[in-house]
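K.L.:
Input structure: upload.cif, which contains mmCIF, C-alpha atoms.
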data_coords
#
loop_
_atom_site.group_PDB
_atom_site.id
_atom_site.type_symbol
_atom_site.label_atom_id
_atom_site.label_comp_id
_atom_site.auth_asym_id
_atom_site.auth_seq_id
_atom_site.Cartn_x
_atom_site.Cartn_y
_atom_site.Cartn_z
ATOM 1 C CA MET A 1139 116.545 99.299 110.503
ATOM 2 C CA THR A 1140 115.229 102.477 108.934
ATOM 3 C CA LYS A 1141 111.463 102.661 108.689
ATOM 4 C CA PRO A 1142 110.559 104.700 105.615
ATOM 5 C CA TRP A 1143 106.856 104.338 106.326
ATOM 6 C CA HIS A 1144 107.146 106.629 109.376
ATOM 7 C CA GLY A 1145 106.098 110.275 109.259
ATOM 8 C CA VAL A 1146 103.979 112.070 106.666
ATOM 9 C CA MET A 1147 103.882 109.877 103.568
ATOM 10 C CA VAL A 1148 101.847 111.658 100.904
ATOM 11 C CA ALA A 1149 99.620 109.500 98.725
ATOM 12 C CA THR A 1150 100.473 111.495 95.656
ATOM 13 C CA ALA A 1151 97.942 112.697 93.153
ATOM 14 C CA LEU A 1152 99.187 112.440 89.587
ATOM 15 C CA PRO A 1153 99.189 115.659 87.547
ATOM 16 C CA LEU A 1154 97.655 115.083 84.131
ATOM 17 C CA THR A 1155 97.620 117.263 81.061
ATOM 18 C CA ASP A 1156 94.368 118.341 79.446
ATOM 19 C CA GLU A 1157 94.869 115.393 77.065
ATOM 20 C CA LEU A 1158 95.060 113.074 80.144
ATOM 21 C CA SER A 1159 98.711 112.121 79.657
ATOM 22 C CA ILE A 1160 100.988 112.121 82.716
ATOM 23 C CA ASP A 1161 103.048 115.233 83.315
ATOM 24 C CA LEU A 1162 106.129 113.390 84.632
ATOM 25 C CA ASP A 1163 108.210 116.548 84.959
ATOM 26 C CA GLY A 1164 105.396 118.132 86.935
ATOM 27 C CA TYR A 1165 105.103 115.020 89.079
ATOM 28 C CA ALA A 1166 108.824 115.056 89.862
ATOM 29 C CA ALA A 1167 108.618 118.712 90.848
ATOM 30 C CA HIS A 1168 105.578 117.978 93.002
ATOM 31 C CA CYS A 1169 107.331 115.161 94.878
ATOM 32 C CA GLY A 1170 110.310 117.418 95.521
ATOM 33 C CA LYS A 1171 108.110 120.241 96.781
ATOM 34 C CA LEU A 1172 106.295 117.934 99.205
ATOM 35 C CA VAL A 1173 109.577 116.907 100.821
ATOM 36 C CA ASP A 1174 110.943 120.442 100.770
ATOM 37 C CA GLU A 1175 107.865 121.637 102.685
ATOM 38 C CA GLY A 1176 108.142 119.113 105.493
ATOM 39 C CA CYS A 1177 106.648 115.828 104.324
ATOM 40 C CA ASP A 1178 108.726 112.688 104.779
ATOM 41 C CA GLY A 1179 108.010 110.779 101.587
ATOM 42 C CA VAL A 1180 105.585 109.847 98.851
ATOM 43 C CA VAL A 1181 103.283 106.956 98.020
ATOM 44 C CA PRO A 1182 102.859 106.724 94.237
ATOM 45 C CA ASN A 1183 100.423 104.413 92.460
ATOM 46 C CA GLY A 1184 97.779 104.450 95.163
ATOM 47 C CA SER A 1185 94.111 105.143 94.601
ATOM 48 C CA LEU A 1186 94.787 108.872 94.737
ATOM 49 C CA GLY A 1187 97.357 108.317 91.996
ATOM 50 C CA GLU A 1188 94.666 106.696 89.807
ATOM 51 C CA TYR A 1189 96.756 103.536 89.460
ATOM 52 C CA GLN A 1190 93.785 101.560 88.125
ATOM 53 C CA THR A 1191 93.786 103.711 84.973
ATOM 54 C CA LEU A 1192 97.526 103.512 84.286
ATOM 55 C CA THR A 1193 99.246 101.239 81.813
ATOM 56 C CA PRO A 1194 101.987 98.963 83.176
ATOM 57 C CA ARG A 1195 104.614 101.182 81.591
ATOM 58 C CA GLU A 1196 103.072 104.272 83.182
ATOM 59 C CA ARG A 1197 103.109 102.651 86.617
ATOM 60 C CA VAL A 1198 106.812 101.910 86.237
ATOM 61 C CA ARG A 1199 107.598 105.442 85.052
ATOM 62 C CA VAL A 1200 105.710 106.994 87.962
ATOM 63 C CA VAL A 1201 107.746 105.015 90.514
ATOM 64 C CA GLU A 1202 111.023 105.740 88.736
ATOM 65 C CA THR A 1203 110.168 109.442 88.586
ATOM 66 C CA ALA A 1204 109.412 109.588 92.317
ATOM 67 C CA VAL A 1205 112.655 107.787 93.189
ATOM 68 C CA ALA A 1206 114.702 110.112 90.988
ATOM 69 C CA ALA A 1207 113.021 113.130 92.574
ATOM 70 C CA VAL A 1208 113.305 112.340 96.292
ATOM 71 C CA GLY A 1209 115.330 109.135 96.698
ATOM 72 C CA GLY A 1210 114.126 105.572 97.020
ATOM 73 C CA GLU A 1211 114.154 105.582 100.815
ATOM 74 C CA ARG A 1212 111.342 108.151 100.664
ATOM 75 C CA VAL A 1213 109.180 106.220 98.177
ATOM 76 C CA MET A 1214 106.613 103.585 99.180
ATOM 77 C CA PRO A 1215 104.628 102.603 96.059
ATOM 78 C CA GLY A 1216 101.225 101.044 96.100
ATOM 79 C CA VAL A 1217 101.453 97.560 94.576
ATOM 80 C CA ALA A 1218 97.773 96.648 94.508
ATOM 81 C CA ALA A 1219 96.657 94.198 91.836
ATOM 82 C CA TYR A 1220 93.859 91.711 91.204
ATOM 83 C CA GLY A 1221 96.145 88.771 91.913
ATOM 84 C CA ALA A 1222 99.110 88.059 94.175
ATOM 85 C CA PRO A 1223 101.579 87.211 91.364
ATOM 86 C CA GLU A 1224 101.005 90.581 89.715
ATOM 87 C CA ALA A 1225 101.231 92.399 93.046
ATOM 88 C CA ARG A 1226 104.510 90.591 93.739
ATOM 89 C CA ARG A 1227 105.869 91.711 90.361
ATOM 90 C CA TRP A 1228 105.033 95.322 91.243
ATOM 91 C CA ALA A 1229 106.814 94.863 94.589
ATOM 92 C CA GLU A 1230 109.857 93.464 92.769
ATOM 93 C CA GLN A 1231 109.817 96.443 90.419
ATOM 94 C CA ALA A 1232 109.735 98.745 93.443
ATOM 95 C CA ARG A 1233 112.694 96.890 94.950
ATOM 96 C CA GLU A 1234 114.667 97.159 91.725
ATOM 97 C CA ALA A 1235 113.898 100.881 91.558
ATOM 98 C CA GLY A 1236 115.388 101.313 95.029
ATOM 99 C CA CYS A 1237 112.229 101.867 97.087
ATOM 100 C CA GLY A 1238 112.266 101.330 100.837
ATOM 101 C CA ALA A 1239 108.852 99.678 101.284
ATOM 102 C CA VAL A 1240 105.574 98.960 99.496
ATOM 103 C CA MET A 1241 101.917 99.375 100.413
ATOM 104 C CA LEU A 1242 99.521 96.529 99.655
ATOM 105 C CA LEU A 1243 95.738 96.190 99.609
ATOM 106 C CA PRO A 1244 94.200 92.751 100.128
ATOM 107 C CA PRO A 1245 93.024 90.948 96.971
ATOM 108 C CA THR A 1246 90.698 93.188 94.969
ATOM 109 C CA ALA A 1247 89.310 90.686 92.461
ATOM 110 C CA TYR A 1248 86.706 89.314 94.853
ATOM 111 C CA ARG A 1249 85.717 89.266 98.516
ATOM 112 C CA ALA A 1250 88.581 87.111 99.723
ATOM 113 C CA ASP A 1251 88.433 84.972 102.855
ATOM 114 C CA GLU A 1252 91.128 84.977 105.538
ATOM 115 C CA ARG A 1253 93.151 82.143 103.988
ATOM 116 C CA SER A 1254 93.272 83.965 100.655
ATOM 117 C CA VAL A 1255 94.276 87.240 102.300
ATOM 118 C CA VAL A 1256 97.145 85.636 104.217
ATOM 119 C CA GLU A 1257 98.452 83.879 101.098
ATOM 120 C CA HIS A 1258 98.190 87.144 99.138
ATOM 121 C CA TYR A 1259 100.438 88.920 101.638
ATOM 122 C CA ARG A 1260 102.730 85.922 101.898
ATOM 123 C CA GLU A 1261 103.350 85.947 98.152
ATOM 124 C CA VAL A 1262 104.094 89.674 97.978
ATOM 125 C CA ALA A 1263 106.378 89.504 101.041
ATOM 126 C CA ARG A 1264 108.608 87.157 99.019
ATOM 127 C CA ALA A 1265 109.713 90.188 96.993
ATOM 128 C CA GLY A 1266 111.855 91.107 99.982
ATOM 129 C CA LEU A 1267 110.643 94.632 100.778
ATOM 130 C CA PRO A 1268 108.808 95.638 103.970
ATOM 131 C CA VAL A 1269 105.064 95.496 103.320
ATOM 132 C CA VAL A 1270 102.619 98.012 104.759
ATOM 133 C CA ALA A 1271 99.103 96.584 104.736
ATOM 134 C CA TYR A 1272 96.333 98.886 103.568
ATOM 135 C CA ASN A 1273 92.969 98.301 105.186
ATOM 136 C CA ASN A 1274 90.174 99.868 103.131
ATOM 137 C CA PRO A 1275 87.082 97.690 103.657
ATOM 138 C CA HIS A 1276 84.847 100.291 102.035
ATOM 139 C CA ASP A 1277 86.398 99.771 98.595
ATOM 140 C CA THR A 1278 87.813 96.242 98.749
ATOM 141 C CA ARG A 1279 84.997 94.606 100.781
ATOM 142 C CA VAL A 1280 87.798 92.821 102.669
ATOM 143 C CA ASP A 1281 88.345 93.937 106.248
ATOM 144 C CA LEU A 1282 91.794 93.541 107.765
ATOM 145 C CA THR A 1283 90.473 93.184 111.292
ATOM 146 C CA PRO A 1284 92.805 93.564 114.287
ATOM 147 C CA GLY A 1285 92.880 89.784 114.632
ATOM 148 C CA LEU A 1286 93.808 89.244 110.990
ATOM 149 C CA LEU A 1287 96.453 91.971 111.161
ATOM 150 C CA ALA A 1288 97.923 90.250 114.209
ATOM 151 C CA LYS A 1289 98.164 87.032 112.203
ATOM 152 C CA LEU A 1290 99.866 88.764 109.266
ATOM 153 C CA TYR A 1291 102.282 90.499 111.603
ATOM 154 C CA GLY A 1292 102.951 87.350 113.593
ATOM 155 C CA GLU A 1293 104.019 85.572 110.409
ATOM 156 C CA GLY A 1294 106.342 88.448 109.503
ATOM 157 C CA LEU A 1295 104.347 89.384 106.408
ATOM 158 C CA VAL A 1296 103.630 93.046 107.250
ATOM 159 C CA VAL A 1297 105.385 95.749 109.251
ATOM 160 C CA ALA A 1298 102.598 98.314 109.503
ATOM 161 C CA VAL A 1299 99.016 99.047 108.523
ATOM 162 C CA LYS A 1300 97.443 102.041 106.886
ATOM 163 C CA GLU A 1301 94.106 102.063 108.721
ATOM 164 C CA PHE A 1302 91.259 103.479 106.642
ATOM 165 C CA SER A 1303 88.239 101.870 108.287
ATOM 166 C CA GLY A 1304 87.402 105.143 110.045
ATOM 167 C CA ASP A 1305 86.959 103.302 113.345
ATOM 168 C CA VAL A 1306 89.511 104.935 115.642
ATOM 169 C CA ARG A 1307 88.745 102.401 118.380
ATOM 170 C CA ARG A 1308 90.654 99.804 116.380
ATOM 171 C CA ALA A 1309 93.936 101.492 117.189
ATOM 172 C CA TYR A 1310 93.809 100.189 120.739
ATOM 173 C CA ARG A 1311 92.790 96.669 119.775
ATOM 174 C CA ILE A 1312 95.573 96.483 117.187
ATOM 175 C CA ALA A 1313 98.079 97.607 119.817
ATOM 176 C CA GLU A 1314 96.845 94.890 122.178
ATOM 177 C CA LEU A 1315 96.957 92.048 119.632
ATOM 178 C CA ALA A 1316 100.047 93.102 117.660
ATOM 179 C CA PRO A 1317 102.046 95.492 119.851
ATOM 180 C CA GLY A 1318 104.957 95.684 117.394
ATOM 181 C CA LEU A 1319 102.842 96.530 114.359
ATOM 182 C CA ASP A 1320 103.184 100.167 113.319
ATOM 183 C CA LEU A 1321 99.894 102.016 112.950
ATOM 184 C CA LEU A 1322 99.543 104.628 110.213
ATOM 185 C CA ALA A 1323 96.614 107.016 109.906
ATOM 186 C CA GLY A 1324 94.936 106.325 106.591
ATOM 187 C CA ALA A 1325 92.071 108.815 106.506
ATOM 188 C CA ASP A 1326 92.836 112.520 106.786
ATOM 189 C CA ASP A 1327 89.762 113.334 108.861
ATOM 190 C CA VAL A 1328 90.676 111.071 111.800
ATOM 191 C CA LEU A 1329 94.334 112.049 112.028
ATOM 192 C CA LEU A 1330 94.173 113.772 115.404
ATOM 193 C CA GLU A 1331 92.164 110.983 117.000
ATOM 194 C CA LEU A 1332 94.602 108.350 115.722
ATOM 195 C CA ALA A 1333 97.616 110.464 116.664
ATOM 196 C CA VAL A 1334 96.411 110.458 120.260
ATOM 197 C CA ALA A 1335 96.126 106.670 119.966
ATOM 198 C CA GLY A 1336 99.756 106.325 118.942
ATOM 199 C CA VAL A 1337 100.243 106.416 115.159
ATOM 200 C CA VAL A 1338 103.801 106.653 113.836
ATOM 201 C CA GLY A 1339 102.849 107.754 110.349
ATOM 202 C CA TRP A 1340 100.174 109.280 108.142
ATOM 203 C CA VAL A 1341 99.502 108.147 104.578
ATOM 204 C CA ALA A 1342 97.849 111.385 103.650
ATOM 205 C CA GLY A 1343 95.899 112.963 100.814
ATOM 206 C CA PHE A 1344 95.543 116.687 101.387
ATOM 207 C CA PRO A 1345 99.234 117.442 101.897
ATOM 208 C CA ASN A 1346 99.195 117.337 98.087
ATOM 209 C CA ALA A 1347 97.545 120.757 98.339
ATOM 210 C CA LEU A 1348 98.781 122.012 101.726
ATOM 211 C CA PRO A 1349 102.042 120.202 102.497
ATOM 212 C CA GLY A 1350 103.491 122.613 105.042
ATOM 213 C CA PRO A 1351 100.372 123.063 107.188
ATOM 214 C CA CYS A 1352 99.547 119.353 107.070
ATOM 215 C CA ALA A 1353 103.090 118.420 108.114
ATOM 216 C CA ALA A 1354 102.854 120.918 110.978
ATOM 217 C CA LEU A 1355 99.527 119.400 112.017
ATOM 218 C CA TYR A 1356 100.995 115.906 112.084
ATOM 219 C CA ARG A 1357 104.069 116.928 114.088
ATOM 220 C CA ALA A 1358 101.980 118.740 116.681
ATOM 221 C CA ALA A 1359 99.430 115.932 116.887
ATOM 222 C CA VAL A 1360 101.923 113.110 117.481
ATOM 223 C CA ALA A 1361 103.787 115.297 119.982
ATOM 224 C CA GLY A 1362 100.566 115.773 121.937
ATOM 225 C CA ASP A 1363 100.707 119.542 121.442
ATOM 226 C CA LEU A 1364 96.970 120.134 121.299
ATOM 227 C CA ALA A 1365 97.391 123.885 121.695
ATOM 228 C CA VAL A 1366 98.860 123.884 118.184
ATOM 229 C CA ALA A 1367 97.195 120.831 116.672
ATOM 230 C CA LEU A 1368 93.554 121.369 117.597
ATOM 231 C CA PRO A 1369 93.026 124.848 116.086
ATOM 232 C CA LEU A 1370 94.819 123.747 112.913
ATOM 233 C CA TYR A 1371 92.788 120.531 112.747
ATOM 234 C CA ARG A 1372 89.528 122.455 113.155
ATOM 235 C CA ALA A 1373 90.495 124.849 110.390
ATOM 236 C CA LEU A 1374 91.481 122.068 107.994
ATOM 237 C CA HIS A 1375 88.819 119.501 108.851
ATOM 238 C CA PRO A 1376 86.106 120.712 106.423
ATOM 239 C CA LEU A 1377 88.663 120.017 103.696
ATOM 240 C CA LEU A 1378 90.252 116.898 105.205
ATOM 241 C CA ARG A 1379 86.924 115.081 105.381
ATOM 242 C CA TRP A 1380 86.754 115.006 101.575
ATOM 243 C CA ASP A 1381 89.566 112.437 101.745
ATOM 244 C CA SER A 1382 86.938 109.913 102.870
ATOM 245 C CA ASP A 1383 84.463 110.805 100.127
ATOM 246 C CA THR A 1384 83.946 108.867 96.891
ATOM 247 C CA VAL A 1385 85.182 111.852 94.892
ATOM 248 C CA PHE A 1386 88.328 112.290 96.970
ATOM 249 C CA VAL A 1387 90.652 112.270 93.950
ATOM 250 C CA GLN A 1388 88.767 115.081 92.240
ATOM 251 C CA ALA A 1389 88.553 116.998 95.530
ATOM 252 C CA VAL A 1390 92.287 116.763 96.220
ATOM 253 C CA LYS A 1391 93.144 117.801 92.682
ATOM 254 C CA LEU A 1392 90.855 120.835 92.853
ATOM 255 C CA ALA A 1393 92.406 121.839 96.179
ATOM 256 C CA MET A 1394 95.835 121.481 94.591
ATOM 257 C CA ASP A 1395 94.875 123.762 91.729
ATOM 258 C CA LEU A 1396 93.486 126.359 94.142
ATOM 259 C CA ALA A 1397 96.609 126.226 96.296
ATOM 260 C CA GLY A 1398 98.934 126.740 93.341
ATOM 261 C CA HIS A 1399 99.917 123.127 92.635
ATOM 262 C CA ARG A 1400 99.057 121.370 89.391
ATOM 263 C CA GLY A 1401 96.334 118.798 89.966
ATOM 264 C CA GLY A 1402 94.544 118.828 86.649
ATOM 265 C CA PRO A 1403 91.786 116.518 85.439
ATOM 266 C CA CYS A 1404 91.181 112.852 86.239
ATOM 267 C CA ARG A 1405 91.037 109.928 83.886
ATOM 268 C CA PRO A 1406 87.714 108.164 83.285
ATOM 269 C CA PRO A 1407 85.710 106.673 84.811
ATOM 270 C CA ARG A 1408 86.120 109.586 87.221
ATOM 271 C CA LEU A 1409 84.119 112.596 86.111
ATOM 272 C CA PRO A 1410 84.558 116.220 87.188
ATOM 273 C CA LEU A 1411 82.935 117.277 90.434
ATOM 274 C CA SER A 1412 79.315 118.321 90.288
ATOM 275 C CA PRO A 1413 78.735 122.077 90.667
ATOM 276 C CA GLU A 1414 77.619 121.526 94.259
ATOM 277 C CA GLN A 1415 80.666 119.418 95.108
ATOM 278 C CA GLU A 1416 83.040 121.832 93.436
ATOM 279 C CA ALA A 1417 81.564 124.767 95.361
ATOM 280 C CA ALA A 1418 81.922 122.930 98.664
ATOM 281 C CA VAL A 1419 85.538 121.884 98.042
ATOM 282 C CA ARG A 1420 86.405 125.349 96.765
ATOM 283 C CA GLU A 1421 84.952 127.000 99.867
ATOM 284 C CA ALA A 1422 86.696 124.590 102.248
ATOM 285 C CA THR A 1423 90.026 125.073 100.485
ATOM 286 C CA LEU A 1424 89.820 128.852 100.399
ATOM 287 C CA ARG A 1425 88.810 128.990 104.063
ATOM 288 C CA ALA A 1426 91.767 126.774 104.953
ATOM 289 C CA LEU A 1427 94.141 128.973 102.954
ATOM 290 C CA ILE A 1428 92.846 132.085 104.676
ATOM 291 C CA ALA A 1429 93.135 130.514 108.129
ATOM 292 C CA ILE A 1430 96.693 129.410 107.424
ATOM 293 C CA LYS A 1431 97.651 132.826 106.098
ATOM 294 C CA GLU A 1432 96.272 134.452 109.235
ATOM 295 C CA ASP A 1433 98.165 131.909 111.390
ATOM 296 C CA LEU A 1434 94.854 130.824 112.908
#
For the structure just supplied, provide its representation as structure tokens.

P.N.:
Amino acid sequence: MTKPWHGVMVATALPLTDELSIDLDGYAAHCGKLVDEGCDGVVPNGSLGEYQTLTPRERVRVVETAVAAVGGERVMPGVAAYGAPEARRWAEQAREAGCGAVMLLPPTAYRADERSVVEHYREVARAGLPVVAYNNPHDTRVDLTPGLLAKLYGEGLVVAVKEFSGDVRRAYRIAELAPGLDLLAGADDVLLELAVAGVVGWVAGFPNALPGPCAALYRAAVAGDLAVALPLYRALHPLLRWDSDTVFVQAVKLAMDLAGHRGGPCRPPRLPLSPEQEAAVREATLRALIAIKEDL
């Protein structure tokens, strides 16, 4: 069985025009460039893709555009929704579009208990695609603990987890309780720590701006080549840590613009970065670009 959730899967930002419409041609070109520069696939319609602000038709077009650009086996859409029936419909749409897997948050409508979480994943698994769980307790207020992940995996409902709690110690507990469950780094600023702990993938934000260097960082990190990985990680970390900030979408898009990729504005309710935030992201991006150009 191929496992399209392995490797560097970029949670794609969505290029918007100044009028806030989607630049689908630009998005297709962006997906192609990410793969050409060493990334393994793309994750459309995640939080970084501003899925909450998209119409149903736009969500469909984004997935179809990604599949046409890089092939369905490289596309793992986010299928988050308030309710399980809607999330299952998004998973079915992904299957029909030819995608290889989907990524699923727990219920987002309220702080769901364990029974509700399990039934949510059970319903979406019926769509027939491999499901990668997405643990983001900061935003969803639902924590996919190692014990709960073991239950989901034991019932065959998930194949992997994108771990975004920030607690790198969980990697070892997950491996103990669910040794067959694939662990994916979910936050850019703990990649190296989780790579040492045995991740097989990275659902990543800042490769949108720096695909080649980020792919090189991942390869070196999972290979245990600290002589290459650690200097690169240190150089990129002031930028990578913005992936865990509330304004991560705006930060990634600004970094994209500075690195020569079209990021553009965000849709409301996201506002532009404050002057202080913009200055900090700009400095971190430019320093990273200089370090990369000088080969560290």

K.L.:
Each side padded by 5 Å, which centre and which edge lengths in Å (one decimal) define the axis-aligned box around the listed atoms of range 1265-1283 of chain A? Give them as lines of an AutoDock Vina configuration file.

P.N.:
center_x = 98.4
center_y = 95.2
center_z = 104.1
size_x = 37.0
size_y = 20.1
size_z = 24.3

K.L.:
Specify as a list in words each residue included when the PyMOL selection byres ((chain A and resi 1155-1167) around 8) is applied to this file.

P.N.:
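Evaluating the PyMOL selection byres ((chain A and resi 1155-1167) around 8) on this file yields Leu1152, Pro1153, Leu1154, His1168, Cys1169, Gly1170, Lys1171, Val1200, Thr1203, Ala1204, Ala1206, Ala1207, Arg1400, Gly1402, Pro1403, Cys1404 and Arg1405 of chain A.
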
K.L.:
Identify all residues satisfying the PyMOL selection byres ((chain A and resi 1265) around 7) in the given file; provide them as a PyMOL selection string.

P.N.:
chain A and resi 1226+1229-1230+1262-1264+1266-1267

K.L.:
Would you pick out the contacts of range 1212-1225 of chain A at 9 Å or less, using only C-alpha atoms, so that residues sharing its chain but fewer than 4 positions from it are not included, and give the list as a VMD selection string?

P.N.:
chain A and resid 1142 to 1143 1147 1149 1173 1178 to 1185 1189 to 1190 1201 1204 to 1205 1208 1229 to 1230 1232 1236 to 1248 1257 to 1262 1270

K.L.:
If I take CA of Phe1344 in chain A and CA of Arg1279 in chain A, how far is one from the other in Å, to one decimal?

P.N.:
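Value for the CA of Phe1344 in chain A-CA of Arg1279 in chain A distance: 24.5 Å.
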
K.L.:
Counting only C-alpha atoms, what are the residues of range 1210-1307 of chain A within 10 Å of range 1374-1382 of chain A, and for each of them which pair of atoms is the nearest and at what distance in Å, to one decimal? Sort the table by chain and rising number, as CSV.

P.N.:
residue,atom,partner,partner_atom,distance
A:His1276,CA,A:Ser1382,CA,9.9
A:Phe1302,CA,A:Ser1382,CA,8.6
A:Ser1303,CA,A:Ser1382,CA,9.8
A:Gly1304,CA,A:Ser1382,CA,8.6

K.L.:
So, with only C-alpha atoms as the atoms that count, which of A:Ala1397, A:Leu1330, A:Leu1321, A:Leu1282 lies closest to Val1299 in chain A?

P.N.:
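Using only C-alpha atoms, the shortest distance to Val1299 in chain A belongs to A:Leu1321.
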
K.L.:
In Å, how far is it from CA of Pro1410 in chain A to CA of Gly1343 in chain A?

P.N.:
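According to the coordinates, CA of Pro1410 in chain A and CA of Gly1343 in chain A are separated by 18.0 Å.
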
K.L.:
Care to translate the PyMOL selection byres ((chain A and resi 1287-1290) around 8) into actual residues of this file, as a ChimeraX atom specification?

P.N.:
/A:1256,1259,1282-1286,1291-1296,1299,1312,1315-1316,1319

K.L.:
What does the file look like for those residues with C-alpha atoms, as a short mmCIF file (atom, residue, chain, number, x, y, z; two decimals), in the coordinates of the input?

P.N.:
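Result file is out-v8.cif:
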data_model
loop_
_atom_site.label_atom_id
_atom_site.label_comp_id
_atom_site.auth_asym_id
_atom_site.auth_seq_id
_atom_site.Cartn_x
_atom_site.Cartn_y
_atom_site.Cartn_z
CA VAL A 1256 97.14 85.64 104.22
CA TYR A 1259 100.44 88.92 101.64
CA LEU A 1282 91.79 93.54 107.76
CA THR A 1283 90.47 93.18 111.29
CA PRO A 1284 92.80 93.56 114.29
CA GLY A 1285 92.88 89.78 114.63
CA LEU A 1286 93.81 89.24 110.99
CA TYR A 1291 102.28 90.50 111.60
CA GLY A 1292 102.95 87.35 113.59
CA GLU A 1293 104.02 85.57 110.41
CA GLY A 1294 106.34 88.45 109.50
CA LEU A 1295 104.35 89.38 106.41
CA VAL A 1296 103.63 93.05 107.25
CA VAL A 1299 99.02 99.05 108.52
CA ILE A 1312 95.57 96.48 117.19
CA LEU A 1315 96.96 92.05 119.63
CA ALA A 1316 100.05 93.10 117.66
CA LEU A 1319 102.84 96.53 114.36
#

K.L.:
Could you check the closest approach to Thr1423 in chain A for each of A:Ala1347, A:Gln1388, A:Val1338, A:Ala1358 and tell me which residue wins, using only C-alpha atoms?

P.N.:
A:Ala1347

K.L.:
Tell me, as a PyMOL selection string, which residues lie within 7 Å of Pro1349 in chain A, counting all atoms listed in the file; anything in the same chain fewer than 3 positions away does not count.

P.N.:
chain A and resi 1172+1175-1177+1345-1346+1352-1353
